[in-house]
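K.L.:
Pasting structure15.txt here (compact mmCIF, C-alpha atoms and all ligand atoms):
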```
# COMPACT_ATOMS: atom_id res chain seq x y z
CA MET Q 1 2.78 -19.24 -6.70
CA VAL Q 2 4.88 -19.77 -3.60
CA ALA Q 3 2.93 -22.18 -1.37
CA LEU Q 4 2.11 -20.89 2.11
CA SER Q 5 3.85 -23.96 3.55
CA ALA Q 6 7.07 -22.94 1.72
CA VAL Q 7 6.68 -19.38 3.05
CA ARG Q 8 6.35 -20.72 6.60
CA THR Q 9 9.32 -23.08 6.21
CA HIS Q 10 11.48 -20.19 5.00
CA ASN Q 11 10.31 -17.80 7.72
CA ALA Q 12 11.13 -20.37 10.42
CA THR Q 13 14.78 -20.36 9.24
CA LEU Q 14 15.14 -16.66 10.11
CA LYS Q 15 15.80 -17.57 13.76
CA SER Q 16 19.24 -18.73 12.61
CA LEU Q 17 20.16 -15.21 11.40
CA SER Q 18 22.35 -13.05 13.64
CA PRO Q 19 20.62 -11.37 16.56
CA GLY Q 20 19.91 -7.65 16.40
CA LEU Q 21 18.54 -7.18 12.86
CA VAL Q 22 17.11 -3.66 12.51
CA ALA Q 23 13.73 -3.22 10.77
CA VAL Q 24 11.81 0.01 10.18
CA PHE Q 25 8.06 -0.27 9.49
CA VAL Q 26 6.70 2.98 8.07
CA GLY Q 27 2.97 2.39 8.62
CA GLY Q 28 3.54 -0.30 11.26
CA THR Q 29 0.59 0.62 13.49
CA SER Q 30 -2.05 -1.07 11.34
CA GLY Q 31 -2.78 -3.59 8.60
CA ILE Q 32 -0.07 -5.16 6.46
CA GLY Q 33 2.76 -3.20 8.11
CA PHE Q 34 1.65 -4.33 11.57
CA SER Q 35 1.11 -7.94 10.48
CA THR Q 36 4.54 -8.12 8.80
CA ALA Q 37 6.24 -6.51 11.81
CA ARG Q 38 4.58 -9.13 14.04
CA GLU Q 39 5.95 -11.96 11.88
CA PHE Q 40 9.40 -10.33 11.91
CA VAL Q 41 9.31 -10.15 15.71
CA ARG Q 42 8.07 -13.73 16.00
CA ASN Q 43 10.72 -15.17 13.68
CA THR Q 44 13.94 -13.30 14.49
CA ASP Q 45 16.31 -13.11 17.43
CA ALA Q 46 16.55 -9.84 19.41
CA PRO Q 47 15.30 -7.60 16.57
CA HIS Q 48 15.33 -3.81 16.80
CA ILE Q 49 11.94 -2.68 15.53
CA TYR Q 50 10.86 0.87 14.65
CA LEU Q 51 7.15 1.46 14.06
CA VAL Q 52 6.40 4.80 12.40
CA GLY Q 53 2.85 6.20 12.47
CA ARG Q 54 0.62 8.67 14.30
CA ASN Q 55 -1.54 6.49 16.53
CA GLN Q 56 0.16 6.38 19.94
CA ILE Q 57 -2.59 4.26 21.57
CA GLU Q 58 -2.44 1.57 18.90
CA ALA Q 59 1.37 1.62 18.94
CA SER Q 60 1.45 1.06 22.73
CA LYS Q 61 -0.90 -1.94 22.39
CA ILE Q 62 1.24 -3.40 19.59
CA ILE Q 63 4.46 -2.90 21.53
CA ASP Q 64 2.97 -4.75 24.54
CA GLU Q 65 1.92 -7.62 22.28
CA PHE Q 66 5.33 -7.79 20.54
CA GLN Q 67 7.20 -7.70 23.87
CA GLN Q 68 5.26 -10.75 25.01
CA LEU Q 69 5.72 -12.50 21.68
CA ASN Q 70 9.49 -12.05 21.75
CA PRO Q 71 10.95 -10.64 24.98
CA SER Q 72 14.39 -10.30 23.32
CA SER Q 73 13.08 -7.58 20.95
CA GLN Q 74 13.80 -3.86 21.26
CA LEU Q 75 10.67 -1.96 20.28
CA ASN Q 76 10.37 1.71 19.39
CA PHE Q 77 7.49 3.87 18.19
CA ILE Q 78 8.20 7.10 16.35
CA LYS Q 79 5.13 9.31 16.20
CA SER Q 80 5.08 11.45 13.11
CA ASP Q 81 2.88 12.61 10.24
CA VAL Q 82 5.18 11.55 7.42
CA SER Q 83 3.05 13.06 4.66
CA LEU Q 84 5.46 15.97 5.26
CA LEU Q 85 8.92 15.30 3.84
CA ARG Q 86 10.55 17.45 6.50
CA ASN Q 87 9.03 15.10 9.10
CA VAL Q 88 10.46 12.13 7.20
CA ASP Q 89 13.89 13.73 7.59
CA GLU Q 90 13.33 14.11 11.36
CA VAL Q 91 12.25 10.46 11.72
CA CYS Q 92 15.31 9.27 9.80
CA LYS Q 93 17.57 11.50 11.91
CA GLU Q 94 16.17 9.86 15.04
CA ILE Q 95 16.80 6.37 13.65
CA LYS Q 96 20.34 7.32 12.59
CA GLU Q 97 21.08 8.55 16.10
CA LYS Q 98 20.22 5.12 17.50
CA GLU Q 99 21.37 2.70 14.79
CA ASP Q 100 24.36 2.42 12.50
CA LYS Q 101 22.63 -0.02 10.11
CA VAL Q 102 19.15 -0.86 8.83
CA ASN Q 103 18.43 -4.37 7.49
CA LEU Q 104 14.84 -3.82 6.38
CA LEU Q 105 12.85 -0.74 5.41
CA PHE Q 106 9.21 -1.83 5.04
CA MET Q 107 6.69 0.78 3.86
CA THR Q 108 2.88 0.56 3.81
CA VAL Q 109 2.05 4.12 4.80
CA GLY Q 110 -1.03 5.53 3.09
CA TYR Q 111 -4.80 5.65 3.15
CA LEU Q 112 -7.93 5.24 1.06
CA THR Q 113 -9.99 8.30 0.26
CA LEU Q 114 -12.67 9.51 -2.11
CA GLN Q 115 -11.58 13.13 -1.73
CA GLY Q 116 -9.73 15.14 -4.32
CA ARG Q 117 -6.36 16.84 -4.04
CA GLN Q 118 -5.46 17.83 -0.48
CA GLU Q 119 -2.38 20.01 -0.54
CA THR Q 120 0.10 19.85 2.33
CA VAL Q 121 2.03 22.92 3.46
CA GLU Q 122 4.87 21.55 1.33
CA GLY Q 123 2.74 21.80 -1.83
CA LEU Q 124 2.19 18.09 -2.50
CA ASP Q 125 -1.03 16.11 -2.40
CA ARG Q 126 -1.15 14.32 0.97
CA LYS Q 127 -2.02 10.85 -0.32
CA PHE Q 128 0.42 11.05 -3.23
CA SER Q 129 3.12 12.17 -0.83
CA LEU Q 130 2.53 9.17 1.48
CA HIS Q 131 2.40 6.71 -1.41
CA TYR Q 132 5.42 8.00 -3.31
CA TYR Q 133 7.47 11.03 -2.22
CA ALA Q 134 7.69 10.25 1.51
CA ARG Q 135 8.52 6.60 0.87
CA MET Q 136 11.27 7.51 -1.62
CA ARG Q 137 12.66 10.06 0.83
CA PHE Q 138 12.88 7.31 3.47
CA VAL Q 139 14.84 5.20 1.01
CA GLN Q 140 17.18 8.05 0.12
CA ASN Q 141 17.84 8.92 3.77
CA LEU Q 142 18.30 5.36 5.03
CA ALA Q 143 20.23 3.99 2.01
CA PRO Q 144 23.64 4.50 3.71
CA LEU Q 145 22.46 2.45 6.71
CA LEU Q 146 21.07 -0.24 4.40
CA THR Q 147 24.46 -0.36 2.64
CA THR Q 148 26.24 -0.70 5.99
CA ALA Q 149 24.01 -3.69 6.78
CA ALA Q 150 24.78 -5.23 3.37
CA ASN Q 151 28.52 -4.84 3.89
CA ASN Q 152 28.56 -7.01 7.01
CA PRO Q 153 30.89 -9.91 6.08
CA ASP Q 154 28.71 -12.34 8.07
CA PRO Q 155 26.12 -13.76 5.62
CA LYS Q 156 23.77 -14.27 8.58
CA ALA Q 157 23.75 -10.52 9.25
CA ASN Q 158 23.83 -8.89 5.81
CA LEU Q 159 20.13 -8.65 4.96
CA SER Q 160 19.56 -5.30 3.22
CA ARG Q 161 16.15 -4.78 1.68
CA VAL Q 162 13.47 -2.20 0.94
CA VAL Q 163 9.85 -3.32 0.49
CA SER Q 164 7.16 -0.86 -0.56
CA VAL Q 165 3.59 -2.18 -0.59
CA LEU Q 166 1.22 -0.50 -3.05
CA ASP Q 167 0.34 -1.86 -6.50
CA SER Q 168 3.19 -3.16 -8.59
CA ARG Q 169 0.74 -4.34 -11.32
CA LEU Q 170 -0.65 -0.88 -11.95
CA GLY Q 171 2.91 0.50 -12.01
CA ARG Q 172 3.62 -1.58 -15.12
CA ALA Q 173 0.39 -0.92 -16.98
CA VAL Q 174 -0.15 2.81 -17.38
CA ALA Q 175 2.12 5.75 -18.17
CA PRO Q 176 2.33 8.81 -15.92
CA ASN Q 177 1.78 12.30 -17.30
CA PHE Q 178 5.35 13.55 -17.68
CA SER Q 179 4.29 17.17 -18.08
CA ASP Q 180 2.71 17.19 -14.60
CA LEU Q 181 4.39 14.46 -12.55
CA SER Q 182 3.31 15.94 -9.18
CA LEU Q 183 -0.31 16.22 -10.44
CA LYS Q 184 -0.60 19.88 -9.52
CA ASP Q 185 -3.15 20.47 -12.31
CA ASN Q 186 -4.25 16.95 -13.30
CA PHE Q 187 -5.12 15.34 -9.99
CA SER Q 188 -7.67 12.55 -9.84
CA LEU Q 189 -7.65 9.48 -7.63
CA LYS Q 190 -6.91 7.34 -10.69
CA ASN Q 191 -4.03 9.56 -11.80
CA CYS Q 192 -2.70 9.59 -8.24
CA ALA Q 193 -2.65 5.78 -8.15
CA VAL Q 194 -1.04 5.51 -11.60
CA HIS Q 195 1.64 8.11 -10.82
CA ALA Q 196 2.54 6.71 -7.39
CA CYS Q 197 2.81 3.13 -8.69
CA SER Q 198 4.59 3.83 -11.96
CA MET Q 199 6.98 6.40 -10.48
CA MET Q 200 7.77 3.99 -7.64
CA ASN Q 201 8.71 1.20 -10.08
CA PHE Q 202 11.17 3.43 -11.96
CA THR Q 203 12.59 5.04 -8.84
CA LEU Q 204 13.20 1.66 -7.20
CA GLU Q 205 15.05 0.63 -10.36
CA HIS Q 206 17.10 3.80 -10.02
CA PHE Q 207 17.90 3.00 -6.38
CA ALA Q 208 18.87 -0.58 -7.31
CA GLN Q 209 21.51 0.86 -9.67
CA GLN Q 210 22.69 3.41 -7.13
CA TYR Q 211 22.76 1.04 -4.14
CA PRO Q 212 23.61 -2.35 -5.66
CA ALA Q 213 24.10 -4.07 -2.28
CA THR Q 214 20.44 -3.55 -1.35
CA SER Q 215 17.41 -5.14 -3.00
CA PHE Q 216 14.21 -3.22 -3.70
CA ILE Q 217 10.70 -4.65 -3.96
CA HIS Q 218 7.39 -3.10 -4.97
CA ALA Q 219 4.69 -5.51 -3.74
CA TYR Q 220 1.00 -5.83 -4.57
CA PRO Q 221 -0.83 -7.28 -1.53
CA SER Q 222 -4.14 -8.24 -3.23
CA GLY Q 223 -7.24 -7.53 -1.11
CA VAL Q 224 -6.46 -7.64 2.61
CA ARG Q 225 -8.98 -6.60 5.25
CA THR Q 226 -7.18 -3.94 7.31
CA GLY Q 227 -7.76 -0.52 8.83
CA ALA Q 228 -7.46 1.01 5.36
CA LEU Q 229 -11.20 1.71 5.15
CA ARG Q 230 -11.23 3.80 8.37
CA PRO Q 231 -10.62 7.23 6.80
CA MET Q 232 -13.58 6.77 4.40
CA GLY Q 233 -16.09 7.73 7.11
CA PRO Q 234 -18.74 5.52 8.76
CA VAL Q 235 -21.24 5.23 5.85
CA VAL Q 236 -18.81 4.30 3.07
CA ASN Q 237 -16.86 2.24 5.60
CA ASN Q 238 -19.92 0.11 6.44
CA VAL Q 239 -20.82 -0.41 2.78
CA LEU Q 240 -17.25 -1.44 1.96
CA LYS Q 241 -17.12 -3.69 5.02
CA ALA Q 242 -20.20 -5.51 3.74
CA VAL Q 243 -18.57 -5.85 0.32
CA THR Q 244 -15.38 -7.25 1.87
CA VAL Q 245 -17.45 -9.85 3.76
CA LEU Q 246 -18.83 -11.03 0.39
CA LEU Q 247 -15.35 -10.96 -1.11
CA LYS Q 248 -13.74 -12.75 1.84
CA PRO Q 249 -13.08 -15.99 -0.09
CA PHE Q 250 -11.05 -13.95 -2.61
CA MET Q 251 -9.11 -11.92 -0.04
CA VAL Q 252 -5.83 -12.65 1.71
CA ASP Q 253 -6.06 -13.18 5.45
CA LEU Q 254 -4.14 -10.51 7.41
CA LYS Q 255 -1.84 -13.02 9.13
CA GLU Q 256 -1.05 -14.76 5.84
CA SER Q 257 -0.34 -11.38 4.28
CA GLY Q 258 2.17 -10.66 7.06
CA GLU Q 259 3.81 -14.05 6.57
CA ARG Q 260 4.01 -13.56 2.80
CA HIS Q 261 5.45 -10.07 3.14
CA LEU Q 262 8.06 -11.32 5.62
CA TYR Q 263 9.01 -13.87 2.96
CA ALA Q 264 9.28 -11.07 0.37
CA ALA Q 265 11.40 -9.12 2.84
CA THR Q 266 13.91 -11.92 3.43
CA ALA Q 267 13.86 -14.65 0.74
CA PRO Q 268 17.25 -14.97 -1.00
CA GLN Q 269 15.95 -15.06 -4.58
CA PHE Q 270 15.16 -11.34 -4.40
CA ALA Q 271 18.87 -10.70 -4.36
CA PRO Q 272 20.58 -7.32 -4.58
CA ARG Q 273 22.02 -6.32 -7.94
CA GLU Q 274 25.63 -6.91 -6.94
CA ALA Q 275 24.88 -10.55 -6.04
CA LYS Q 276 24.54 -11.18 -9.77
CA ALA Q 277 28.10 -10.03 -10.30
CA ASP Q 278 29.12 -12.65 -7.73
CA GLY Q 279 27.52 -15.27 -9.96
CA LYS Q 280 24.67 -16.00 -7.57
CA GLU Q 281 22.18 -18.44 -9.03
CA ASN Q 282 18.42 -18.88 -8.58
CA VAL Q 283 17.71 -15.18 -8.50
CA ALA Q 284 14.28 -13.86 -9.44
CA LYS Q 285 13.56 -11.89 -12.59
CA GLY Q 286 13.66 -8.12 -12.09
CA MET Q 287 11.12 -5.54 -13.25
CA ASP Q 288 13.16 -5.04 -16.41
CA GLU Q 289 13.18 -8.79 -17.14
CA GLU Q 290 16.84 -9.09 -16.08
CA PRO Q 291 17.41 -11.88 -13.52
CA GLY Q 292 18.85 -10.48 -10.29
CA SER Q 293 18.47 -6.83 -11.34
CA GLY Q 294 17.90 -5.84 -7.69
CA ALA Q 295 14.46 -4.24 -8.31
CA TYR Q 296 11.51 -6.61 -8.26
CA ALA Q 297 7.74 -6.24 -8.79
CA LEU Q 298 5.92 -8.84 -6.73
CA ASN Q 299 2.42 -10.21 -6.78
CA TRP Q 300 0.70 -11.08 -3.47
CA ASN Q 301 1.60 -14.77 -3.88
CA GLY Q 302 5.35 -14.30 -4.25
CA GLU Q 303 5.42 -14.46 -8.05
CA VAL Q 304 7.31 -11.72 -9.88
CA PHE Q 305 6.02 -9.55 -12.69
CA GLY Q 306 8.67 -9.09 -15.36
CA GLU Q 307 8.80 -6.41 -18.03
CA SER Q 308 5.57 -5.05 -19.55
CA GLN Q 309 5.35 -3.55 -23.02
CA LYS Q 310 4.30 -0.23 -21.52
CA ALA Q 311 7.22 -0.12 -19.09
CA ALA Q 312 9.69 -1.17 -21.80
CA GLY Q 313 8.50 1.71 -24.00
CA LEU Q 314 8.75 4.21 -21.15
CA ARG Q 315 12.20 2.94 -20.18
CA ALA Q 316 13.41 3.41 -23.75
CA GLU Q 317 12.18 7.02 -23.57
CA GLY Q 318 14.28 7.69 -20.44
CA ALA Q 319 11.43 7.47 -17.89
CA GLU Q 320 13.71 6.53 -15.02
CA LYS Q 321 15.90 9.62 -15.36
CA ARG Q 322 12.98 11.98 -15.91
CA ILE Q 323 11.16 10.69 -12.84
CA TRP Q 324 14.27 10.74 -10.66
CA ASP Q 325 15.21 14.28 -11.80
CA HIS Q 326 11.69 15.42 -10.84
CA THR Q 327 11.84 13.63 -7.47
CA GLU Q 328 15.21 15.19 -6.65
CA GLU Q 329 13.85 18.62 -7.53
CA VAL Q 330 10.90 18.09 -5.14
CA PHE Q 331 13.30 16.96 -2.38
CA ARG Q 332 15.60 19.94 -3.01
CA LYS Q 333 12.83 22.56 -2.89
CA ILE Q 334 11.14 21.11 0.20
CA CYS Q 335 13.94 19.59 2.25
CA ASP Q 336 17.08 21.53 1.29
CA GLU Q 337 15.51 24.95 0.68
CA ASN Q 338 12.78 24.59 3.32
CA GLY Q 339 10.26 25.69 0.69
CA LYS Q 340 7.23 24.41 -1.15
CA TYR Q 341 6.91 22.48 -4.43
N1 LIG Q 401 -5.40 -3.60 2.23
C1 LIG Q 401 -5.56 -3.79 0.94
O1 LIG Q 401 -6.44 -4.58 0.48
C2 LIG Q 401 -4.67 -3.10 -0.06
C3 LIG Q 401 -4.79 -3.41 -1.43
C4 LIG Q 401 -3.94 -2.79 -2.35
C5 LIG Q 401 -3.00 -1.86 -1.90
N2 LIG Q 401 -2.93 -1.56 -0.57
C6 LIG Q 401 -1.94 -0.55 -0.15
O2 LIG Q 401 -1.07 -1.14 0.80
C7 LIG Q 401 -0.67 -0.17 1.78
C8 LIG Q 401 -0.96 -0.71 3.17
O3 LIG Q 401 -2.34 -0.92 3.31
P1 LIG Q 401 -3.01 -1.36 4.68
O4 LIG Q 401 -4.28 -1.99 4.27
O5 LIG Q 401 -2.05 -2.09 5.52
O6 LIG Q 401 -3.33 0.09 5.33
P2 LIG Q 401 -3.71 0.51 6.83
O7 LIG Q 401 -4.15 -0.67 7.65
O8 LIG Q 401 -4.67 1.65 6.73
O9 LIG Q 401 -2.31 1.06 7.40
C9 LIG Q 401 -1.78 2.27 6.95
C10 LIG Q 401 -0.68 2.72 7.88
O10 LIG Q 401 -0.25 4.00 7.42
C11 LIG Q 401 -0.10 4.86 8.55
N3 LIG Q 401 -0.35 6.24 8.15
C12 LIG Q 401 -1.38 6.74 7.41
N4 LIG Q 401 -1.23 8.06 7.25
C13 LIG Q 401 -0.09 8.41 7.90
C14 LIG Q 401 0.60 9.63 8.09
N5 LIG Q 401 0.14 10.81 7.57
N6 LIG Q 401 1.76 9.63 8.80
C15 LIG Q 401 2.22 8.48 9.33
N7 LIG Q 401 1.62 7.29 9.18
C16 LIG Q 401 0.47 7.26 8.48
C17 LIG Q 401 -1.15 4.37 9.55
O11 LIG Q 401 -0.69 4.69 10.85
P3 LIG Q 401 -1.39 5.75 11.87
O12 LIG Q 401 -2.86 5.49 11.80
O13 LIG Q 401 -0.73 5.40 13.17
O14 LIG Q 401 -0.98 7.08 11.36
C18 LIG Q 401 -1.08 2.86 9.33
O15 LIG Q 401 -0.07 2.30 10.14
C19 LIG Q 401 -1.45 1.10 1.47
O16 LIG Q 401 -0.61 1.99 0.75
C20 LIG Q 401 -2.59 0.63 0.59
O17 LIG Q 401 -2.98 1.63 -0.35
C21 LIG Q 401 -3.74 -2.16 0.36
```
Taking this structure as input, can you express it in the form of structure tokens?
P.N.:
Amino acid sequence: MVALSAVRTHNATLKSLSPGLVAVFVGGTSGIGFSTAREFVRNTDAPHIYLVGRNQIEASKIIDEFQQLNPSSQLNFIKSDVSLLRNVDEVCKEIKEKEDKVNLLFMTVGYLTLQGRQETVEGLDRKFSLHYYARMRFVQNLAPLLTTAANNPDPKANLSRVVSVLDSRLGRAVAPNFSDLSLKDNFSLKNCAVHACSMMNFTLEHFAQQYPATSFIHAYPSGVRTGALRPMGPVVNNVLKAVTVLLKPFMVDLKESGERHLYAATAPQFAPREAKADGKENVAKGMDEEPGSGAYALNWNGEVFGESQKAAGLRAEGAEKRIWDHTEEVFRKICDENGKY
């Protein structure tokens, strides 16, 4: 476990990085995304921050707070329902018009629900889209800007990282159903969680190979009391609130979660794949057990999960390629052909 004092010591060093780091928080208007954005603003010099979400009122309040916290920051809110991949493309287009690099893509977008499959006009389940397809589309679209950031010769300006917060543990434990990866016919909340987490692990490994100057992290936050219960409705919400009060001693405080995720987003041991070729030492173990592989599965406390037997078996059966081929097909049908999956 990385001690909170070590996290804080590291985060305080970020002030010495070059001014003007660019960070995109997809899901930055609430919870872990908000808390991590706040720590980023507090600890960096003149950051350019993009918060992506739908709640304009909340975003305005957050922007006021961040402006006071660090008057050198440039703060932007992009209002969009990114469960639609075509909206993801629009958001990325807007960012590309304003920035020529992105140092951090931090994704927490999603929600809790007890409902079954809710199909979007693009033919995907809404929750599954937010947890997997939309996030991976953000990565694909912004990868060139992340590579530009990585190629900065100044080591104080070359941070280039993607962090996706969901459940890296689950991603290693259970296999997806390869005959129905989008869960058109086999949707359940459990299958949705398994597919999003497992497919994310393999796709981040794929991206780490394709974009070796950027590092990719799938993080498990543990229990954090956030706005995540809101969409469950008042009755379930109140019951779950009472449960979280009882569980408080076992949960991670929201501020600590933000501090720990800022650490994940910036600590040097989660190095990009190409750093290994440079002989960089003290790199963390990747999801495939290889030190410095560029794709890491993190626990809430900063420890990495290495290879699991299940993931090793799936990898040997070509899971990464099968999942990426499927994801590309979804992107092609929806984004390139303006159709439906
Ligand atoms: N909190 C926990 O204990 C916990 C535990 C395990 C895993 N997780 C996972 O970690 C992630 C973050 O959780 P959290 O607790 O921080 O959640 P949260 O407080 O509910 O925040 C979710 C964010 O997603 C945005 N969002 C939701 N639907 C959207 C849409 N259609 N388009 C654009 N933005 C949308 C929300 O913004 P708007 O409201 O502005 O749209 C909000 O900023 C989630 O994926 C969650 O499943 C959380």
K.L.:
Edge lengths and centre in Å to one decimal, as JSON, is what I'm after for the box along x, y and z that holds all listed atoms of ligand LIG 401 (chain Q) once 5 Å is added on each side.
P.N.:
```
{"center_x": -2.1, "center_y": 3.1, "center_z": 5.4, "size_x": 18.7, "size_y": 25.4, "size_z": 25.5}
```
K.L.:
Counting all atoms listed in the file, name the residues that have an atom within 8 Å of an atom of ligand LIG 401 (chain Q); the answer should be given as a compact mmCIF listing (two decimals) with C-alpha atoms, in the frame of the given file.
P.N.:
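And here's result21.txt as it stands now:
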```
# COMPACT_ATOMS: atom_id res chain seq x y z
CA VAL Q 26 6.70 2.98 8.07
CA GLY Q 27 2.97 2.39 8.62
CA GLY Q 28 3.54 -0.30 11.26
CA THR Q 29 0.59 0.62 13.49
CA SER Q 30 -2.05 -1.07 11.34
CA GLY Q 31 -2.78 -3.59 8.60
CA ILE Q 32 -0.07 -5.16 6.46
CA GLY Q 33 2.76 -3.20 8.11
CA PHE Q 34 1.65 -4.33 11.57
CA VAL Q 52 6.40 4.80 12.40
CA GLY Q 53 2.85 6.20 12.47
CA ARG Q 54 0.62 8.67 14.30
CA ASN Q 55 -1.54 6.49 16.53
CA GLN Q 56 0.16 6.38 19.94
CA GLU Q 58 -2.44 1.57 18.90
CA ALA Q 59 1.37 1.62 18.94
CA LYS Q 79 5.13 9.31 16.20
CA SER Q 80 5.08 11.45 13.11
CA ASP Q 81 2.88 12.61 10.24
CA VAL Q 82 5.18 11.55 7.42
CA SER Q 83 3.05 13.06 4.66
CA LEU Q 84 5.46 15.97 5.26
CA MET Q 107 6.69 0.78 3.86
CA THR Q 108 2.88 0.56 3.81
CA VAL Q 109 2.05 4.12 4.80
CA GLY Q 110 -1.03 5.53 3.09
CA TYR Q 111 -4.80 5.65 3.15
CA LEU Q 112 -7.93 5.24 1.06
CA ARG Q 126 -1.15 14.32 0.97
CA LEU Q 130 2.53 9.17 1.48
CA HIS Q 131 2.40 6.71 -1.41
CA VAL Q 165 3.59 -2.18 -0.59
CA LEU Q 166 1.22 -0.50 -3.05
CA ASP Q 167 0.34 -1.86 -6.50
CA TYR Q 220 1.00 -5.83 -4.57
CA PRO Q 221 -0.83 -7.28 -1.53
CA SER Q 222 -4.14 -8.24 -3.23
CA GLY Q 223 -7.24 -7.53 -1.11
CA VAL Q 224 -6.46 -7.64 2.61
CA ARG Q 225 -8.98 -6.60 5.25
CA THR Q 226 -7.18 -3.94 7.31
CA GLY Q 227 -7.76 -0.52 8.83
CA ALA Q 228 -7.46 1.01 5.36
CA LEU Q 229 -11.20 1.71 5.15
CA ARG Q 230 -11.23 3.80 8.37
CA MET Q 251 -9.11 -11.92 -0.04
```
K.L.:
Under the rule that only C-alpha atoms are counted, which of Q:Leu298, Q:Leu14, Q:Ala264, Q:Leu204 is the nearest residue to Ile323 of chain Q?
P.N.:
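Using only C-alpha atoms, Ile323 of chain Q sits closest to Q:Leu204.
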K.L.:
Find the residues near Ser160 of chain Q: any atom within 6 Å, counting only C-alpha atoms, skip ones fewer than 5 places away on the same chain, and give them as a VMD selection string.
P.N.:
chain Q and resid 103 to 104 146 149 to 150 214
K.L.:
In file coordinates, which residues lie within 12 Å of (7.1, 6.3, -8.9) using only C-alpha atoms, given as a PyMOL selection string?
P.N.:
chain Q and resi 128-137+164+166-168+170-172+174-178+181-182+191-207+218+319-327
K.L.:
With a distance cut-off of 8 Å and all atoms listed in the file, select the neighbouring residues of Thr36 of chain Q, excluding the residue or stretch itself and same-chain residues fewer than 2 positions from it, and output the selection as JSON, numbers by chain.
P.N.:
{"Q": [32, 33, 34, 38, 39, 40, 257, 258, 259, 261, 262]}
K.L.:
How far is it from atom CA of Leu145 of chain Q to atom CA of Val283 of chain Q, in Å with one decimal?
P.N.:
23.8 Å
K.L.:
Would you list the contacts of Arg273 of chain Q as a ChimeraX atom specification, taking every protein, DNA or RNA residue within 8 Å and counting all atoms listed in the file, but skipping same-chain residues closer than 2 positions in sequence?
P.N.:
/Q:208-209,212-215,271,275-277,292-295
K.L.:
What is the distance, in Å and to one decimal place, between atom CA of Lys310 of chain Q and atom CA of Tyr341 of chain Q?
P.N.:
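So the two atoms, atom CA of Lys310 of chain Q and atom CA of Tyr341 of chain Q, lie 28.5 Å apart.
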